[in-house]
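K.L.:
One structure, pasted below without further comment.
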Amino acid sequence: MSTSITPRAVTLRASVAALLVTLAVPTLTQATDADANGSWTGRISGSISGCLDSADDGPDAVTVTLVLTQSGGTVSGSGSFDGGGSISGLSGSFSSGELGGSFNYTDSDGTAGEGFFLASISGDTLVFDDLQTYDQTGDTCMGTYSGTLTRQGASRGEGALEEQPGEIATNDRQLRTQVTTFTNAIGSHLRNLSHNVRGLTGLTGTGGRYETGLAAGDGTLPGLGGWLSYNYTDLSNDFSGAAYDGDAHNVVGGFDIRPLDRTVLGIAVGWEWTDLDTPYNGGEVAKDGVTIAPYVAVLVTDQLSLDASFGYSSLETEQFRLAGTSKVSASNGSDRWFGSANLSGFWQHGNWSLSPRTGFVYATEDVDGFTESNGNIVASREVTFGQYHVGGEIAYLWGNWEPMVGAVYELDFSKDEYSALDANGNLVVVNRDDDNVLFNAGVRYRHPGGFTGSLEYRGRFGRQYVDEDNITATLRIDF
């Protein structure tokens, strides 16, 4: 924003702009339906005039990032723009989606100035109807601009996504993939554990029943046990304006005890890492962290069981993208909390068994704000995910082996949507789908001495643009 004018002109134009702001946006005492909070990025264009050197007059365009905070009918903030410039002291009034105010700025060459603006906000789009800047040191330039900014982490055009870190477009998928992988690992372990003591007739080498260290089939659970699970997930999104491709890994181990005959208490610890390529901005996103989660399971009846888990994850993200030919890098942390609960059943007829289940999972991740290596400011944000599920599994006991196949219907009740431009230039919500089917197939092995192992495939089907395939291997030993 290399813009300025003479002190007398500054006073005159500033007074006019301030009067426009006062008339257009009266001071408020309460918030409106529109929301100005967040980090906004976009490109504004206009012209510069009145410079001491007329060669500096002419068209101008600049990419701007603003971080705004709304409190009732007032807005404050700061930001940055091309070339290392900074924006400070932004303040204004906000009413019915209309925003007006002023700010100070400093160019990379040290030139300081003042600006005034009138803008409107609709959804995740901020439109500058009039933005005027006045240099106050070194020159007499005045700038007049207009343009559109888009809220980061929400509805975004393809161009805006290219100018943002890859985590913005991948955080939703990473959250749901890692959380459901972790909770599925715990839930699957607990269902297998309860199945072991529900009269699984047909096992060889045990007189027809699986031995757990207790009297098998007596309606009680093993007194002590440990387990380990490894999960590999292949992830991809083929929407060109927000495409990504990569894999996620999750190692989960747990240890549980039986304080009561029909109750298990345990603790699980996990390590996750995700590596994704983001071709829409020429970058990569790498995320890893640790999780701890206590869990509980109760045999309500001989056919029904309840299980629940609650966990916390501490995560770190490293990422980069390309801005032209320059590599822009960043790192930040995040804190995730999640919970899950399930009601499961088990019925056996001969060597066949049916295991229906229903439940839910909910997670929230607080992502720290950060500054990219080019000075771009990315505001902190919260990502949420909630899902109901209902389905089941059919298995056949063949000696000590148990092949199984199943399907679960999953329905989102909470998520953060984001948008990008499609090939025809239309703004499309990339993750608009609310449901899918999770298909699973695999085999379990139950050793007579208290050892259980399983290998299982899971695939999500029915989400537009997104493909997800998972392989899980689990081992358990009862003591």
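Numbering starts fresh at 1 for the residues of each chain in the structure tokens, the chains themselves are lettered A, B, ... in the order given, and ligands are numbered from 1 as they appear.
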For Thr183 (chain A), find every residue with an atom within 10 Å (counting only C-alpha atoms), except residues of its own chain fewer than 2 positions away, and show them as a PDB file with C-alpha atoms, in the first residue's frame.

P.N.:
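What follows is the written file around17.pdb:
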```
ATOM      1  CA  GLN A 178      -7.755 -40.213  13.266  1.00  0.00           C
ATOM      2  CA  VAL A 179     -10.532 -39.966  15.858  1.00  0.00           C
ATOM      3  CA  THR A 180     -12.699 -42.688  14.307  1.00  0.00           C
ATOM      4  CA  THR A 181      -9.628 -44.889  13.798  1.00  0.00           C
ATOM      5  CA  ALA A 185      -9.677 -49.617  17.686  1.00  0.00           C
ATOM      6  CA  ILE A 186     -10.913 -49.380  21.281  1.00  0.00           C
ATOM      7  CA  GLY A 187     -14.499 -50.340  20.414  1.00  0.00           C
ATOM      8  CA  SER A 188     -13.432 -53.313  18.291  1.00  0.00           C
ATOM      9  CA  HIS A 189     -11.131 -54.524  21.057  1.00  0.00           C
ATOM     10  CA  VAL A 252      -2.718 -47.874  19.761  1.00  0.00           C
ATOM     11  CA  ALA A 293      -7.816 -42.342  26.480  1.00  0.00           C
ATOM     12  CA  TYR A 295     -12.229 -46.626  28.473  1.00  0.00           C
ATOM     13  CA  ALA A 308     -17.331 -45.732  26.227  1.00  0.00           C
ATOM     14  CA  SER A 309     -14.026 -43.896  25.843  1.00  0.00           C
ATOM     15  CA  PHE A 310     -12.821 -40.339  26.372  1.00  0.00           C
ATOM     16  CA  GLY A 311      -9.492 -39.031  25.153  1.00  0.00           C
ATOM     17  CA  PHE A 338     -12.993 -36.624  21.897  1.00  0.00           C
ATOM     18  CA  GLY A 339     -15.547 -39.046  23.298  1.00  0.00           C
ATOM     19  CA  SER A 340     -17.347 -42.128  22.054  1.00  0.00           C
ATOM     20  CA  ALA A 341     -20.074 -44.477  23.334  1.00  0.00           C
ATOM     21  CA  VAL A 361     -18.443 -40.103  18.440  1.00  0.00           C
TER      22      VAL A 361
END
```

K.L.:
Which residues, written as a ChimeraX atom specification, have at least one atom at most 6 Å from Asp275 (chain A), with only C-alpha atoms counted and residues fewer than 2 positions away on the same chain left out?

P.N.:
/A:246-247,285-286

K.L.:
Determine which residues of region 174-421 of chain A receive a DSSP assignment of strand (DSSP E or B), computed from the backbone, and state them as an mmCIF file with C-alpha atoms, in the first residue's frame.

P.N.:
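Output saved as part-v9.cif:
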```cif
data_model
loop_
_atom_site.group_PDB
_atom_site.id
_atom_site.type_symbol
_atom_site.label_atom_id
_atom_site.label_comp_id
_atom_site.auth_asym_id
_atom_site.auth_seq_id
_atom_site.Cartn_x
_atom_site.Cartn_y
_atom_site.Cartn_z
ATOM 1 C CA LEU A 203 -13.602 -73.517 19.171
ATOM 2 C CA GLY A 208 -15.677 -76.307 22.499
ATOM 3 C CA LEU A 224 -6.050 -58.706 33.207
ATOM 4 C CA GLY A 225 -5.046 -58.105 29.606
ATOM 5 C CA GLY A 226 -2.997 -56.086 27.161
ATOM 6 C CA TRP A 227 -3.506 -55.307 23.476
ATOM 7 C CA LEU A 228 -1.836 -53.561 20.542
ATOM 8 C CA SER A 229 -3.329 -52.282 17.269
ATOM 9 C CA TYR A 230 -1.746 -50.854 14.109
ATOM 10 C CA ASN A 231 -3.885 -48.957 11.601
ATOM 11 C CA TYR A 232 -2.926 -47.783 8.122
ATOM 12 C CA THR A 233 -5.273 -45.489 6.181
ATOM 13 C CA ASP A 234 -4.986 -44.308 2.579
ATOM 14 C CA LEU A 235 -6.653 -40.898 2.088
ATOM 15 C CA SER A 236 -7.459 -38.894 -1.024
ATOM 16 C CA ASN A 237 -9.678 -36.062 -2.237
ATOM 17 C CA TYR A 244 -4.959 -33.984 -1.292
ATOM 18 C CA ASP A 245 -3.485 -37.464 -1.246
ATOM 19 C CA GLY A 246 -1.520 -39.359 1.372
ATOM 20 C CA ASP A 247 -1.690 -41.734 4.278
ATOM 21 C CA ALA A 248 -2.318 -41.847 8.008
ATOM 22 C CA HIS A 249 -0.876 -44.212 10.597
ATOM 23 C CA ASN A 250 -2.084 -44.959 14.090
ATOM 24 C CA VAL A 251 -0.518 -47.233 16.715
ATOM 25 C CA VAL A 252 -2.718 -47.874 19.761
ATOM 26 C CA GLY A 253 -1.932 -49.973 22.801
ATOM 27 C CA GLY A 254 -3.974 -50.617 25.902
ATOM 28 C CA PHE A 255 -4.062 -52.353 29.243
ATOM 29 C CA ASP A 256 -7.243 -53.265 31.124
ATOM 30 C CA ILE A 257 -8.410 -54.822 34.367
ATOM 31 C CA ARG A 258 -11.655 -56.322 35.669
ATOM 32 C CA PRO A 259 -12.653 -54.544 38.919
ATOM 33 C CA LEU A 260 -16.069 -56.265 38.801
ATOM 34 C CA THR A 263 -16.950 -54.602 34.003
ATOM 35 C CA VAL A 264 -13.652 -53.756 32.321
ATOM 36 C CA LEU A 265 -11.668 -50.567 32.927
ATOM 37 C CA GLY A 266 -8.691 -49.700 30.777
ATOM 38 C CA ILE A 267 -6.339 -47.066 29.447
ATOM 39 C CA ALA A 268 -5.194 -46.733 25.838
ATOM 40 C CA VAL A 269 -2.211 -44.765 24.535
ATOM 41 C CA GLY A 270 -1.694 -43.978 20.864
ATOM 42 C CA TRP A 271 0.706 -42.348 18.447
ATOM 43 C CA GLU A 272 -0.574 -40.982 15.151
ATOM 44 C CA TRP A 273 1.019 -39.397 12.139
ATOM 45 C CA THR A 274 -0.402 -38.161 8.830
ATOM 46 C CA ASP A 275 1.414 -37.163 5.619
ATOM 47 C CA LEU A 276 -0.608 -35.470 2.872
ATOM 48 C CA ASP A 277 0.367 -33.873 -0.448
ATOM 49 C CA THR A 278 -1.756 -30.828 -1.335
ATOM 50 C CA GLY A 283 2.560 -28.212 -0.674
ATOM 51 C CA GLU A 284 2.567 -30.891 1.988
ATOM 52 C CA VAL A 285 1.085 -31.292 5.472
ATOM 53 C CA ALA A 286 2.658 -33.551 8.119
ATOM 54 C CA LYS A 287 0.920 -33.965 11.467
ATOM 55 C CA ASP A 288 1.752 -36.187 14.419
ATOM 56 C CA GLY A 289 0.982 -36.499 18.097
ATOM 57 C CA VAL A 290 0.131 -38.679 21.069
ATOM 58 C CA THR A 291 -3.227 -39.643 22.539
ATOM 59 C CA ILE A 292 -4.322 -40.989 25.905
ATOM 60 C CA ALA A 293 -7.816 -42.342 26.480
ATOM 61 C CA PRO A 294 -9.431 -44.215 29.383
ATOM 62 C CA TYR A 295 -12.229 -46.626 28.473
ATOM 63 C CA VAL A 296 -14.870 -48.800 30.121
ATOM 64 C CA ALA A 297 -17.049 -51.729 29.056
ATOM 65 C CA VAL A 298 -19.980 -53.332 30.889
ATOM 66 C CA LEU A 299 -21.799 -56.566 30.121
ATOM 67 C CA LEU A 304 -25.870 -56.599 25.340
ATOM 68 C CA SER A 305 -22.813 -54.559 26.318
ATOM 69 C CA LEU A 306 -22.013 -50.872 26.706
ATOM 70 C CA ASP A 307 -18.620 -49.287 26.088
ATOM 71 C CA ALA A 308 -17.331 -45.732 26.227
ATOM 72 C CA SER A 309 -14.026 -43.896 25.843
ATOM 73 C CA PHE A 310 -12.821 -40.339 26.372
ATOM 74 C CA GLY A 311 -9.492 -39.031 25.153
ATOM 75 C CA TYR A 312 -7.048 -36.175 24.681
ATOM 76 C CA SER A 313 -4.448 -35.677 21.922
ATOM 77 C CA SER A 314 -1.507 -33.263 21.757
ATOM 78 C CA LEU A 315 -0.532 -32.635 18.121
ATOM 79 C CA GLU A 316 2.110 -30.810 16.062
ATOM 80 C CA THR A 317 1.847 -29.840 12.380
ATOM 81 C CA GLU A 318 4.614 -29.029 9.889
ATOM 82 C CA GLN A 319 3.569 -27.781 6.460
ATOM 83 C CA PHE A 320 4.634 -25.844 3.404
ATOM 84 C CA ARG A 321 3.103 -24.470 0.217
ATOM 85 C CA LEU A 322 4.348 -22.639 -2.861
ATOM 86 C CA ALA A 323 3.751 -18.932 -3.438
ATOM 87 C CA SER A 326 8.906 -19.512 -3.236
ATOM 88 C CA LYS A 327 8.423 -22.094 -0.508
ATOM 89 C CA VAL A 328 6.271 -20.823 2.383
ATOM 90 C CA SER A 329 6.534 -22.922 5.547
ATOM 91 C CA ALA A 330 4.830 -22.959 8.935
ATOM 92 C CA SER A 331 4.382 -25.027 12.061
ATOM 93 C CA ASN A 332 1.784 -25.004 14.821
ATOM 94 C CA GLY A 333 0.210 -27.110 17.546
ATOM 95 C CA SER A 334 -3.299 -28.226 18.401
ATOM 96 C CA ASP A 335 -5.218 -29.872 21.231
ATOM 97 C CA ARG A 336 -7.936 -32.424 20.569
ATOM 98 C CA TRP A 337 -10.638 -33.823 22.864
ATOM 99 C CA PHE A 338 -12.993 -36.624 21.897
ATOM 100 C CA GLY A 339 -15.547 -39.046 23.298
ATOM 101 C CA SER A 340 -17.347 -42.128 22.054
ATOM 102 C CA ALA A 341 -20.074 -44.477 23.334
ATOM 103 C CA ASN A 342 -21.578 -47.673 21.883
ATOM 104 C CA LEU A 343 -24.324 -50.181 22.604
ATOM 105 C CA SER A 344 -23.458 -53.602 21.145
ATOM 106 C CA GLY A 345 -25.261 -56.919 20.904
ATOM 107 C CA TRP A 347 -26.353 -63.479 19.206
ATOM 108 C CA GLN A 348 -25.066 -66.896 18.136
ATOM 109 C CA HIS A 349 -26.788 -69.650 16.189
ATOM 110 C CA TRP A 352 -22.882 -68.160 13.013
ATOM 111 C CA SER A 353 -22.961 -64.970 15.091
ATOM 112 C CA LEU A 354 -24.599 -61.584 14.645
ATOM 113 C CA SER A 355 -23.204 -58.458 16.341
ATOM 114 C CA PRO A 356 -25.298 -55.285 15.831
ATOM 115 C CA ARG A 357 -24.173 -51.975 17.321
ATOM 116 C CA THR A 358 -25.046 -48.300 17.491
ATOM 117 C CA GLY A 359 -23.385 -45.263 19.036
ATOM 118 C CA PHE A 360 -21.792 -41.895 18.447
ATOM 119 C CA VAL A 361 -18.443 -40.103 18.440
ATOM 120 C CA TYR A 362 -17.734 -36.393 18.974
ATOM 121 C CA ALA A 363 -14.449 -34.499 18.751
ATOM 122 C CA THR A 364 -13.216 -30.931 18.905
ATOM 123 C CA GLU A 365 -9.741 -29.687 18.004
ATOM 124 C CA ASP A 366 -8.378 -26.282 19.038
ATOM 125 C CA VAL A 367 -5.794 -25.288 16.415
ATOM 126 C CA PHE A 370 0.538 -19.126 13.552
ATOM 127 C CA THR A 371 2.531 -16.958 11.170
ATOM 128 C CA ILE A 377 -0.997 -14.491 9.755
ATOM 129 C CA VAL A 378 -3.329 -17.464 10.231
ATOM 130 C CA ARG A 381 -9.651 -21.813 15.051
ATOM 131 C CA GLU A 382 -11.759 -24.676 16.359
ATOM 132 C CA VAL A 383 -12.636 -27.705 14.224
ATOM 133 C CA THR A 384 -15.462 -30.008 15.322
ATOM 134 C CA PHE A 385 -16.772 -33.372 14.210
ATOM 135 C CA GLY A 386 -19.751 -35.401 15.438
ATOM 136 C CA GLN A 387 -21.231 -38.584 14.022
ATOM 137 C CA TYR A 388 -23.923 -41.184 14.780
ATOM 138 C CA HIS A 389 -23.497 -44.746 13.553
ATOM 139 C CA VAL A 390 -25.585 -47.914 13.361
ATOM 140 C CA GLY A 391 -24.755 -51.268 11.788
ATOM 141 C CA GLY A 392 -23.392 -54.654 12.558
ATOM 142 C CA GLU A 393 -21.295 -57.659 11.672
ATOM 143 C CA ILE A 394 -21.872 -61.293 10.710
ATOM 144 C CA ALA A 395 -19.200 -63.889 11.527
ATOM 145 C CA TYR A 396 -18.721 -67.637 11.134
ATOM 146 C CA TRP A 398 -14.487 -72.218 11.811
ATOM 147 C CA TRP A 401 -10.699 -68.907 12.978
ATOM 148 C CA GLU A 402 -13.588 -66.497 12.578
ATOM 149 C CA PRO A 403 -14.095 -64.751 9.216
ATOM 150 C CA MET A 404 -16.410 -61.737 9.468
ATOM 151 C CA VAL A 405 -18.057 -59.122 7.281
ATOM 152 C CA GLY A 406 -20.071 -56.053 8.237
ATOM 153 C CA ALA A 407 -21.298 -52.571 7.421
ATOM 154 C CA VAL A 408 -22.042 -49.454 9.450
ATOM 155 C CA TYR A 409 -24.075 -46.430 8.369
ATOM 156 C CA GLU A 410 -22.475 -43.163 9.577
ATOM 157 C CA LEU A 411 -24.326 -39.826 9.765
ATOM 158 C CA ASP A 412 -22.650 -36.519 10.639
ATOM 159 C CA PHE A 413 -24.406 -34.277 13.127
ATOM 160 C CA SER A 414 -21.555 -31.764 13.412
ATOM 161 C CA LYS A 415 -18.790 -30.724 11.015
ATOM 162 C CA SER A 419 -15.680 -24.598 -0.285
ATOM 163 C CA ALA A 420 -13.564 -24.190 -3.413
ATOM 164 C CA LEU A 421 -14.100 -23.393 -7.091
#
```

K.L.:
Please measure the separation of CA of Met142 (chain A) and CA of Asn104 (chain A), giving the value in Å to one decimal.

P.N.:
13.9 Å

K.L.:
Using only C-alpha atoms, which of A:Asn374, A:Asn192, A:Ser49, A:Asn351 sits nearest Thr65 (chain A)?

P.N.:
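Nearest to Thr65 (chain A): A:Asn374.
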